[in-house]
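This report refers to the structure that appears directly beneath it.
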Amino acid sequence: MSVVTGLRPKSPAERLLATNSWLVFAFFYAPIVVLVVFSFNANENVGIWTEPSLRWYREVFRDEAVMGALRNSLIVAAISTTVATILGTMAALALERFRFRGQRVYDGLLYLPIIIPEVTMAVMLLLFFAQGFQWLDGAIGWSPTFGIGTISLSHIAFNISFVTVVVRARLGQLDPRLEEAAADLYATRWQAFRGITLPLILPGVAGGALLALTLSLDDVVITNFVAGPGSTTLPVYVFGLVRRGVTPLINAVSVIMLAASMVLVAVSFGFQRGSRGRVPESMAEDG
Amino acid sequence: MAAAVALQGVSKAFGDVYAVRELDLAIRDGEFFSLLGPSGCGKTTTLRMIAGFEFPTEGSLQIHGVEMALQPPNERPVNTVFQSYALFPHMTVEENVGFGLRMKKVGGTEIAERVKRALDMVRLSHRATAAPKQLSGGQQQRVALARALVNEPEVLLLDEPLGALDLKLRQAMQTELKDLQARVGITFVYVTHDQGEALTMSDRIGVMHEGRLLQVGTPQEIYERPTSRFVAGFIGEINLLPATVIDHDSVRLAGGRLVAAATGVAPGSEVTVALRPERLELYGVNEVIPTNLNTVRGRVTRRVYFGDVFFYDIDTTDGVIEVKEENRPGVDLHEIGEEAVVAWDPAASTVVER
């Protein structure tokens with residue numbers, strides 16, 4: 001019996017494909033590497049490397065404008081993620097488990113924020129708030145201002161769609177008989193939801209919430225339109241700094257944001273993957 | 001005493017499509033009742049109305065004399081075994097079985113006791129802490145049964161519970177289910193499209209077709225005295241010969257032969273004579289045939305060997321008649337191409353509508 005040792009020599013086509021994939025990876029990640037490396041640069045000038053240092057990271061945490069923007073970002077992200085996750089999950093349940101008038105229209109409209117250009121949504125929201133505030137002022141003498149409130153509402157508006165998509169995918173795999181079985185075993189609607197439906201769609205809900213959190217923390221365009229004076233979020237603040245010239249401070253802020261995003265995405269993937277094996281095939285396919 | 005389940009004039013429409021039409025049915029206390037019919041006949045919708053997953057568009061539905069037509073499922077004294085079992089995947093076997101008792105706020109020690117007894121009953125005590133997906137199909141089926149029976153329902157509803165199992169296991173479970181029903185004495189309402197299953201397990205069967213309940217009776221009545229052409233054709237093998245009624249005890253077959261058969265309709269009516277292949281006998285042309293038997297002469301066109309029986313196709317002027325003859329000493333073999341006489345006792349035939 002012969003034993004095969006070593007690998008079959010690679011054909012030219014295989015070599016070409018391998019090279020190509022390395023090039024693509026380089027194209028994706030080279031800028032990130034440059035950013036990360038230069039964020040540890042001691043020099044005042046972005047492009048000139050002198051020696052490694054944590055100087056700019058210290059500056060970031062000392063800079064009050066940056067910290068204020070970060071605080072705003074976190075507040076907006078917390079509010080919009082919580083509200084959008086609850087509303088988005090409810091929308092997914094309504095669409096998957098009930099039949100009602102205008103369902104198809106509602107279904108279509110729900111995905112609009114995902115499809116339309118971000119800048120269009122930004123202008124729409126700006127106009128909406130401006131008109132709304134004017135009307136409120138005239139009607140009841142209350143004139144709210146642009147700020148954390150408007151940013152949060154805007155983020156809720158686009159995040160609902162994303163949460164709904166993710167939760168619906170999960171609900172679609174769930175045998176509707178499970179909820180009937182719960183009702184058959186004397187559970188009220190609420191008990192069936194708490195005891196059966198929610199635990200089984202929780203990975204989807206958590207995935208949707210993390211997606212919403214990431215989108216909220218990253219948003220520039222819409223936030224830029226609906227932010228008021230003194231209420232910028234971190235990405236909007238960075239965007240503003242860049243226009244005045246790139247400083248090493250931006251590098252450090254960007255690396256922090258990048259790291260946070262990557263952690264969120266990784267956790268989100270973990271939820272979705274960990275959940276896949278939990279619904280046995282026999283239950284999923286009978287639905 | 002009130003019936004376990006009584007349906008009166010029950011109809012169910014989805015949009016303008018009627019799944020069930022004007023159904024009247026009384027299921028007796030403690031009986032094993034099967035709803036039998038092809039898919040789309042309304043049997044599952046009927047079961048789902050009893051469970052409370054669907055509400056009748058019209059009619060009355062009573063469980064032990066209490067009107068339940070519009071009660072939600074959690075307020076009905078019935079439990080269901082689903083075709084897909086619908087076990088809760090995030091709970092262990094014992095948590096699944098105890099779910100109904102927890103919802104009813106039964107005390108913790110009593111729940112533990114009853115769950116243990118229910119699992120003993122289906123012989124799954126050793127898998128109490130397993131997750132449903134770790135069990136085989138047959139075991140999942142038994143967990144679903146235990147989860148329903150532990151609540152001691154007034155009526156147990158079973159929606160094709162054996163459909164997902166393979167043949168061997170299905171036959172074993174049929175016996176087990178029937179024994180279980182006899183032991184616990186709970187009324188079973190069993191939905192199936194498998195006539196063999198219905199015949200072997202049921203005390204009574206209701207045959208449904210296109211939303212209507214065509215006939216209710218014991219397995220023997222359904223098999224031997226079908227009242228409609230559909231019921232005759234749906235259950236078992238049968239020959240359906242077109243005929244015209246002559247008087248109350250004879251008909252003329254399409255080929256012109258006059259045969260004796262009890263008819264309940266006016267002379268001149270077009271009817272169908274239904275004959276079970278195993279109730280027919282095959283004679284050689286020179287044999288002496290008892291005079292009280294109906295006879296039709298023809299030619300053997302096919303013979304199929306099944307081990308214990310032979311199936312013959314006899315081509316006659318009244319149509320092709322299938323005959324089932326036992327493979328045992330004393331029963332003559334007939335060759336293809338041979339002339340033969342099909343004979344039967346008039347009492348073995350049933351006359352149904354055309």
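As shown in the structure tokens, the chain order sets the letters A, B, ...; within each chain, residues go from 1, and ligands are also counted from 1 in the order they appear.
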
Next item on the list: Please identify all polymer residues within 8 Å of stretch 102-117 of chain A, counting only C-alpha atoms, omitting same-chain residues fewer than 2 positions from it, and present them as a list in words.
Entry: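 Contacts, in chain order: Leu95, Arg99, Phe100, Val119, Thr120, Met121, Ala157, Phe158, Ser161 and Phe162 of chain A.
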
Would you export the selected residues with C-alpha atoms as a PDB file, in the first residue's frame, please?
ATOM      1  CA  LEU A  95     -45.947  40.182  10.663  1.00  0.00           C
ATOM      2  CA  ARG A  99     -53.030  38.439   9.713  1.00  0.00           C
ATOM      3  CA  PHE A 100     -54.370  41.989   9.573  1.00  0.00           C
ATOM      4  CA  VAL A 119     -29.016  61.165   2.961  1.00  0.00           C
ATOM      5  CA  THR A 120     -32.634  61.086   1.759  1.00  0.00           C
ATOM      6  CA  MET A 121     -33.737  59.721   5.105  1.00  0.00           C
ATOM      7  CA  ALA A 157     -36.548  55.005  13.032  1.00  0.00           C
ATOM      8  CA  PHE A 158     -33.921  53.211  10.980  1.00  0.00           C
ATOM      9  CA  SER A 161     -36.258  47.865  10.265  1.00  0.00           C
ATOM     10  CA  PHE A 162     -32.980  46.078  10.886  1.00  0.00           C
TER      11      PHE A 162
END

Tell me which protein, DNA and RNA residues are within 10 Å of B:Leu214, counting only C-alpha atoms, leaving out same-chain ones fewer than 2 positions away, and put them as a PDB file with N, CA, C and O atoms, in the first residue's frame.
ATOM      1  N   LEU B  23     -71.431  20.031  10.158  1.00  0.00           N
ATOM      2  CA  LEU B  23     -71.016  18.771  10.760  1.00  0.00           C
ATOM      3  C   LEU B  23     -71.828  18.509  12.027  1.00  0.00           C
ATOM      4  O   LEU B  23     -71.911  19.356  12.904  1.00  0.00           O
ATOM      5  N   GLY B  37     -60.024  10.353   6.551  1.00  0.00           N
ATOM      6  CA  GLY B  37     -60.316  10.941   5.244  1.00  0.00           C
ATOM      7  C   GLY B  37     -59.043  11.342   4.556  1.00  0.00           C
ATOM      8  O   GLY B  37     -57.988  11.396   5.189  1.00  0.00           O
ATOM      9  N   GLY B 206     -65.367   8.092  11.905  1.00  0.00           N
ATOM     10  CA  GLY B 206     -66.148   9.021  11.096  1.00  0.00           C
ATOM     11  C   GLY B 206     -65.359   9.288   9.827  1.00  0.00           C
ATOM     12  O   GLY B 206     -64.209   9.707   9.900  1.00  0.00           O
ATOM     13  N   VAL B 207     -65.975   8.999   8.668  1.00  0.00           N
ATOM     14  CA  VAL B 207     -65.264   9.217   7.406  1.00  0.00           C
ATOM     15  C   VAL B 207     -65.655  10.575   6.854  1.00  0.00           C
ATOM     16  O   VAL B 207     -66.842  10.888   6.726  1.00  0.00           O
ATOM     17  N   MET B 208     -64.653  11.402   6.545  1.00  0.00           N
ATOM     18  CA  MET B 208     -64.915  12.742   6.020  1.00  0.00           C
ATOM     19  C   MET B 208     -64.433  12.861   4.584  1.00  0.00           C
ATOM     20  O   MET B 208     -63.461  12.231   4.187  1.00  0.00           O
ATOM     21  N   HIS B 209     -65.136  13.689   3.825  1.00  0.00           N
ATOM     22  CA  HIS B 209     -64.755  13.945   2.437  1.00  0.00           C
ATOM     23  C   HIS B 209     -65.271  15.322   2.057  1.00  0.00           C
ATOM     24  O   HIS B 209     -66.442  15.623   2.258  1.00  0.00           O
ATOM     25  N   GLU B 210     -64.384  16.160   1.533  1.00  0.00           N
ATOM     26  CA  GLU B 210     -64.728  17.519   1.102  1.00  0.00           C
ATOM     27  C   GLU B 210     -65.534  18.286   2.152  1.00  0.00           C
ATOM     28  O   GLU B 210     -66.565  18.889   1.845  1.00  0.00           O
ATOM     29  N   GLY B 211     -65.078  18.222   3.384  1.00  0.00           N
ATOM     30  CA  GLY B 211     -65.681  19.025   4.446  1.00  0.00           C
ATOM     31  C   GLY B 211     -66.921  18.416   5.068  1.00  0.00           C
ATOM     32  O   GLY B 211     -67.487  18.988   5.994  1.00  0.00           O
ATOM     33  N   ARG B 212     -67.370  17.281   4.558  1.00  0.00           N
ATOM     34  CA  ARG B 212     -68.597  16.670   5.107  1.00  0.00           C
ATOM     35  C   ARG B 212     -68.284  15.341   5.788  1.00  0.00           C
ATOM     36  O   ARG B 212     -67.399  14.610   5.354  1.00  0.00           O
ATOM     37  N   VAL B 216     -70.640   7.518   9.979  1.00  0.00           N
ATOM     38  CA  VAL B 216     -70.051   7.236  11.282  1.00  0.00           C
ATOM     39  C   VAL B 216     -70.458   5.817  11.661  1.00  0.00           C
ATOM     40  O   VAL B 216     -71.623   5.449  11.538  1.00  0.00           O
ATOM     41  N   PRO B 226     -70.648   0.162   3.755  1.00  0.00           N
ATOM     42  CA  PRO B 226     -70.468   1.583   3.401  1.00  0.00           C
ATOM     43  C   PRO B 226     -71.779   2.131   2.844  1.00  0.00           C
ATOM     44  O   PRO B 226     -72.501   1.417   2.158  1.00  0.00           O
ATOM     45  N   THR B 227     -72.107   3.360   3.166  1.00  0.00           N
ATOM     46  CA  THR B 227     -73.361   3.947   2.700  1.00  0.00           C
ATOM     47  C   THR B 227     -73.149   4.860   1.507  1.00  0.00           C
ATOM     48  O   THR B 227     -74.086   5.436   0.989  1.00  0.00           O
ATOM     49  N   SER B 228     -71.904   5.030   1.100  1.00  0.00           N
ATOM     50  CA  SER B 228     -71.674   5.881  -0.071  1.00  0.00           C
ATOM     51  C   SER B 228     -70.536   5.305  -0.886  1.00  0.00           C
ATOM     52  O   SER B 228     -69.712   4.529  -0.396  1.00  0.00           O
ATOM     53  N   PHE B 230     -67.989   6.890  -2.003  1.00  0.00           N
ATOM     54  CA  PHE B 230     -66.690   7.358  -1.546  1.00  0.00           C
ATOM     55  C   PHE B 230     -66.159   6.498  -0.410  1.00  0.00           C
ATOM     56  O   PHE B 230     -65.009   6.066  -0.432  1.00  0.00           O
ATOM     57  N   VAL B 231     -67.022   6.232   0.590  1.00  0.00           N
ATOM     58  CA  VAL B 231     -66.576   5.439   1.742  1.00  0.00           C
ATOM     59  C   VAL B 231     -66.185   4.034   1.273  1.00  0.00           C
ATOM     60  O   VAL B 231     -65.162   3.487   1.675  1.00  0.00           O
TER      61      VAL B 231
END

Margin query: Based on only C-alpha atoms, which of the residues in chain B come within 9 Å of chain A? I want them as a ChimeraX atom specification.
Written below: /B:51-53,72-76,78-90,99-101,103-104,132-133,147-148,151

Next item on the list: Find, counting only C-alpha atoms, the residue in B:Asn292, B:Gln62, B:Thr129, B:Thr350 that gets nearest to B:Gly233.
Entry: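 For B:Gly233, the nearest of the given residues is B:Thr350.
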
Check: Per DSSP on the backbone, what are the helix (DSSP H, G or I) residues of stretch 144-235 of chain A, as an NGL selection string?
Finding: :A and (148-172 or 177-184 or 189-218 or 221-226 or 234-235)

Next item on the list: From the DSSP assignment of the backbone, select every residue of stretch 171-310 of chain B that is strand (DSSP E or B), and format the answer as a ChimeraX atom specification.
Entry: /B:187-192,204-209,212-217,239-247,250-253,258-260,270-275,281-284,294-305,309-310

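Rounded to one decimal, atom CA of B:Val115 and atom CA of B:Glu197 lie 28.7 Å from each other.
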
Notebook entry, point to check: atom CA of B:Ile235 and atom CA of B:Lys43, how far apart in Å?
Noted result: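 According to the coordinates, atom CA of B:Lys43 and atom CA of B:Ile235 are separated by 15.9 Å.
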
Checklist line | Minimum-distance residue to A:Phe129, chosen among A:Val226, A:Asn72, A:Thr81, A:Ala169 (using only C-alpha atoms) | finding: A:Val226

Item checked: Contacts of A:Gly207 at 8 Å (only C-alpha atoms; same-chain gap of 6+ positions) as a ChimeraX atom specification -> /A:166,268-269,271-272

Notebook entry, point to check: Which neighbours of A:Ala260 fall inside 9 Å, counting only C-alpha atoms, when residues of the same chain fewer than 5 positions from it are skipped, and could you give them as a list in words?
Noted result: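 Residues meeting the cut-off are Thr214, Val255 and Val265 of chain A.
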